[in-house]
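**Q** Got a structure for you, written out below as structure tokens; questions coming shortly.
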Amino acid sequence: MKRIMAKKVWVIVLACLAFAGVAFARHAPVPENYGRVIIKNFSRKAGLAPVVFDHWLHRSMFTCRLCHVDIGFAMEGGATKISAALNMEGYYCGACHDGKREVNNKQVFAACAKTPAGQDAKRCNRCHSKDKKGAREIEFKAFTEKLPRLPRGDAIDWEKGEDSHLIKPIDILEGISVKRSKMQTQDDFAIASKASWAGDIIFSHAKHVIWNGCELCHPEIFPSTKQGTVNYSMLEIDMGQYCGVCHTKVSFSLYFCEKCHVKPVQ
Amino acid sequence: MPYRKGAIASRRLSVSALLPWLIFAWLFANGAPGSAWAMEEWQQDFNEICVSTQEAEALAPEALGKLVSRCDALRNKIEQLGEERNTERKVYLKRLDMCRGLYDYVLRMKEQQ
């Protein structure tokens, strides 16, 4: 009897492990959908389709800090509570989408309208485009055709894109951003890997601050003030903590282990 | 001839006297976008305080401490913005909190060292 019970326990344990393995197995995300945010706070009420916001389009033109620090977009979906009224007042999307501001010598179309009809309706549909084929003017495939890709999958290598001057993200928005002083950055440092098959991580402050500044990560995402005191785990990161705040949603996904675990395995 | 010289001189004088007023009128009509004097006092404070986020690590603990105190004082001012400026208040408080958070973080880091 005891033997049968022990066998059953083993079967359950193995099943749990197999399930956990499947759950954490990483797949390359579909680049077009990666970083997509559906904004539907008030759209349905206004008789419009939800907004489809794609990070790939905006991050090719602006740094993360510009939107998440200077304009004030929250890092969690739905937390900002964007509305048409606020956009038309010049906040959030309206900070750039005011119909006057020029980006890369092109006038940025105005966000939202009091009565979404006629020509305005066409403009509204550029963002309120969920389940509307052809409503958007910029499509992923054509837009990202010339951008470099990461070695596996079809994900865009934004870092390489910037290094090769294919993208030049804007970091200052006239009238909104604080004109900052020159950046001071720390040296790169190593974080020991816990897995024998993965090399140590080399963390580069320089690579991160160029898009994020300092205040996007410290202290909210990384509150520890002493190096080496936090025991980072892939489980926590996978669940959206620490590096996972960005690297599970917008920045290259955890599928690309070698992007962080750069040190060769000893 | 002396009469003509005098006329030219007085015309020059009137043009140079008018010039500052013309510039002022032009700036007033255009709202002087982005210029410091078009900003409110608290906005100027905000810009002055948060300009150093990129060099926070190079600042001395005393300077960081002062910046944290200035952030706290500014927070009170922003909180007092009227109801009609709810969003502005929300946006700037978020920005200020990030800025203060960083200065305080670097200060604590330096104190530990």
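Letters for chains follow the order of the structure tokens (A, B, ...), residue numbers begin at 1 for each chain, and ligand numbers begin at 1 in the order shown.
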Region 21-257 of chain A: which residues are helix (DSSP H, G or I) by DSSP, as a ChimeraX atom specification?
**A** /A:21-24,44-46,55-59,64-71,84-88,92-95,119-125,140-144,158-163,205-212,234-238,244-247,257
**Q** Restrict the distance test to only C-alpha atoms, flag each residue of chain A within 6 Å of chain B, and return the flagged residues as a PDB file with all heavy atoms, in the first residue's frame.
**A**
ATOM      1  N   GLY A  72       5.056  61.305 -18.849  1.00  0.00           N
ATOM      2  CA  GLY A  72       4.363  60.780 -17.667  1.00  0.00           C
ATOM      3  C   GLY A  72       3.551  59.523 -17.881  1.00  0.00           C
ATOM      4  O   GLY A  72       2.692  59.198 -17.056  1.00  0.00           O
ATOM      5  N   GLY A 175       9.674  72.243 -24.726  1.00  0.00           N
ATOM      6  CA  GLY A 175       8.533  72.722 -23.938  1.00  0.00           C
ATOM      7  C   GLY A 175       8.095  71.742 -22.862  1.00  0.00           C
ATOM      8  O   GLY A 175       7.273  72.086 -22.013  1.00  0.00           O
ATOM      9  N   VAL A 178      13.087  68.507 -19.466  1.00  0.00           N
ATOM     10  CA  VAL A 178      14.089  69.341 -18.800  1.00  0.00           C
ATOM     11  C   VAL A 178      15.370  69.206 -19.606  1.00  0.00           C
ATOM     12  O   VAL A 178      15.744  68.104 -19.981  1.00  0.00           O
ATOM     13  CB  VAL A 178      14.330  68.826 -17.358  1.00  0.00           C
ATOM     14  CG1 VAL A 178      15.468  69.569 -16.691  1.00  0.00           C
ATOM     15  CG2 VAL A 178      13.064  68.932 -16.529  1.00  0.00           C
ATOM     16  N   ARG A 180      18.653  68.465 -19.904  1.00  0.00           N
ATOM     17  CA  ARG A 180      19.534  67.799 -18.938  1.00  0.00           C
ATOM     18  C   ARG A 180      21.008  68.052 -19.184  1.00  0.00           C
ATOM     19  O   ARG A 180      21.411  68.331 -20.301  1.00  0.00           O
ATOM     20  CB  ARG A 180      19.281  66.286 -18.988  1.00  0.00           C
ATOM     21  CG  ARG A 180      17.843  65.923 -18.740  1.00  0.00           C
ATOM     22  CD  ARG A 180      17.600  64.485 -19.054  1.00  0.00           C
ATOM     23  NE  ARG A 180      16.185  64.178 -18.990  1.00  0.00           N
ATOM     24  CZ  ARG A 180      15.409  64.071 -20.051  1.00  0.00           C
ATOM     25  NH1 ARG A 180      15.892  64.250 -21.249  1.00  0.00           N
ATOM     26  NH2 ARG A 180      14.135  63.790 -19.921  1.00  0.00           N
ATOM     27  N   MET A 183      25.421  63.207 -19.395  1.00  0.00           N
ATOM     28  CA  MET A 183      25.240  61.959 -18.660  1.00  0.00           C
ATOM     29  C   MET A 183      26.532  61.444 -18.015  1.00  0.00           C
ATOM     30  O   MET A 183      27.589  61.457 -18.637  1.00  0.00           O
ATOM     31  CB  MET A 183      24.710  60.908 -19.639  1.00  0.00           C
ATOM     32  CG  MET A 183      24.495  59.546 -19.052  1.00  0.00           C
ATOM     33  SD  MET A 183      23.022  59.470 -18.042  1.00  0.00           S
ATOM     34  CE  MET A 183      21.756  59.410 -19.298  1.00  0.00           C
ATOM     35  N   GLN A 184      26.427  61.018 -16.761  1.00  0.00           N
ATOM     36  CA  GLN A 184      27.559  60.384 -16.075  1.00  0.00           C
ATOM     37  C   GLN A 184      27.162  58.925 -15.872  1.00  0.00           C
ATOM     38  O   GLN A 184      26.126  58.658 -15.282  1.00  0.00           O
ATOM     39  CB  GLN A 184      27.762  61.006 -14.688  1.00  0.00           C
ATOM     40  CG  GLN A 184      27.835  62.508 -14.675  1.00  0.00           C
ATOM     41  CD  GLN A 184      29.261  62.996 -14.608  1.00  0.00           C
ATOM     42  OE1 GLN A 184      30.140  62.264 -14.214  1.00  0.00           O
ATOM     43  NE2 GLN A 184      29.484  64.225 -15.010  1.00  0.00           N
ATOM     44  N   GLU A 215      16.439  57.640 -13.736  1.00  0.00           N
ATOM     45  CA  GLU A 215      15.265  57.633 -12.876  1.00  0.00           C
ATOM     46  C   GLU A 215      14.171  56.657 -13.297  1.00  0.00           C
ATOM     47  O   GLU A 215      13.239  56.419 -12.540  1.00  0.00           O
ATOM     48  CB  GLU A 215      14.699  59.056 -12.744  1.00  0.00           C
ATOM     49  CG  GLU A 215      14.191  59.699 -14.027  1.00  0.00           C
ATOM     50  CD  GLU A 215      15.276  60.465 -14.776  1.00  0.00           C
ATOM     51  OE1 GLU A 215      16.334  59.880 -15.047  1.00  0.00           O
ATOM     52  OE2 GLU A 215      15.039  61.634 -15.116  1.00  0.00           O
ATOM     53  N   HIS A 218      15.871  53.476 -11.225  1.00  0.00           N
ATOM     54  CA  HIS A 218      16.163  53.666  -9.797  1.00  0.00           C
ATOM     55  C   HIS A 218      15.321  54.793  -9.232  1.00  0.00           C
ATOM     56  O   HIS A 218      15.274  55.855  -9.813  1.00  0.00           O
ATOM     57  CB  HIS A 218      17.642  54.011  -9.585  1.00  0.00           C
ATOM     58  CG  HIS A 218      18.592  52.953 -10.043  1.00  0.00           C
ATOM     59  ND1 HIS A 218      18.667  51.724  -9.461  1.00  0.00           N
ATOM     60  CD2 HIS A 218      19.494  52.949 -11.048  1.00  0.00           C
ATOM     61  CE1 HIS A 218      19.599  51.004 -10.069  1.00  0.00           C
ATOM     62  NE2 HIS A 218      20.111  51.724 -11.044  1.00  0.00           N
ATOM     63  N   THR A 225      20.516  49.684  -2.920  1.00  0.00           N
ATOM     64  CA  THR A 225      21.581  50.683  -3.064  1.00  0.00           C
ATOM     65  C   THR A 225      22.969  50.063  -2.984  1.00  0.00           C
ATOM     66  O   THR A 225      23.967  50.753  -3.120  1.00  0.00           O
ATOM     67  CB  THR A 225      21.458  51.771  -1.978  1.00  0.00           C
ATOM     68  OG1 THR A 225      21.308  51.116  -0.732  1.00  0.00           O
ATOM     69  CG2 THR A 225      20.314  52.706  -2.238  1.00  0.00           C
TER      70      THR A 225
END
**Q** What's the separation between CA of Ala190 (chain A) and CA of Gly228 (chain A), in Å to one decimal place?
**A**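 These atoms are spaced 9.8 Å apart.
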**Q** To one decimal place, how far is CA of Pro148 (chain A) from CA of Phe73 (chain A) in Å?
**A**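 Rounded to one decimal, the two atoms are 27.7 Å apart.
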**Q** Do you know which residues are at most 12 Å from region 243-253 of chain A counting only C-alpha atoms, after dropping those on the same chain fewer than 5 positions away, and could you put them as a PyMOL selection string?
**A** chain A and resi 26-37+53-59+63-64+68+74-77+149-159+203+208+211-212+216-218+220-222+232-238+258-260
**Q** Which distance in Å separates CA of Arg136 (chain A) and CA of Cys124 (chain A), to one decimal?
**A**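 Calculated distance between CA of Arg136 (chain A) and CA of Cys124 (chain A) is 9.9 Å.
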**Q** Hey, what's within 8 Å of region 162-170 of chain A if we count only C-alpha atoms and toss same-chain stuff fewer than 6 positions away? As a PyMOL selection string, please?
**A** chain A and resi 59-63+66+147
**Q** Enumerate as a list in words all residues of region 24-111 of chain A assigned to strand (DSSP E) by DSSP on the backbone, naming them with the chain letters and numbers the document uses.
**A**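 So, restricting region 24-111 of chain A to strand (DSSP E), we get Arg36, Val37, Ile38, Ile39, Val51, Val52, Phe53, Asp54, Glu102, Val103, Lys106 and Gln107 of chain A.
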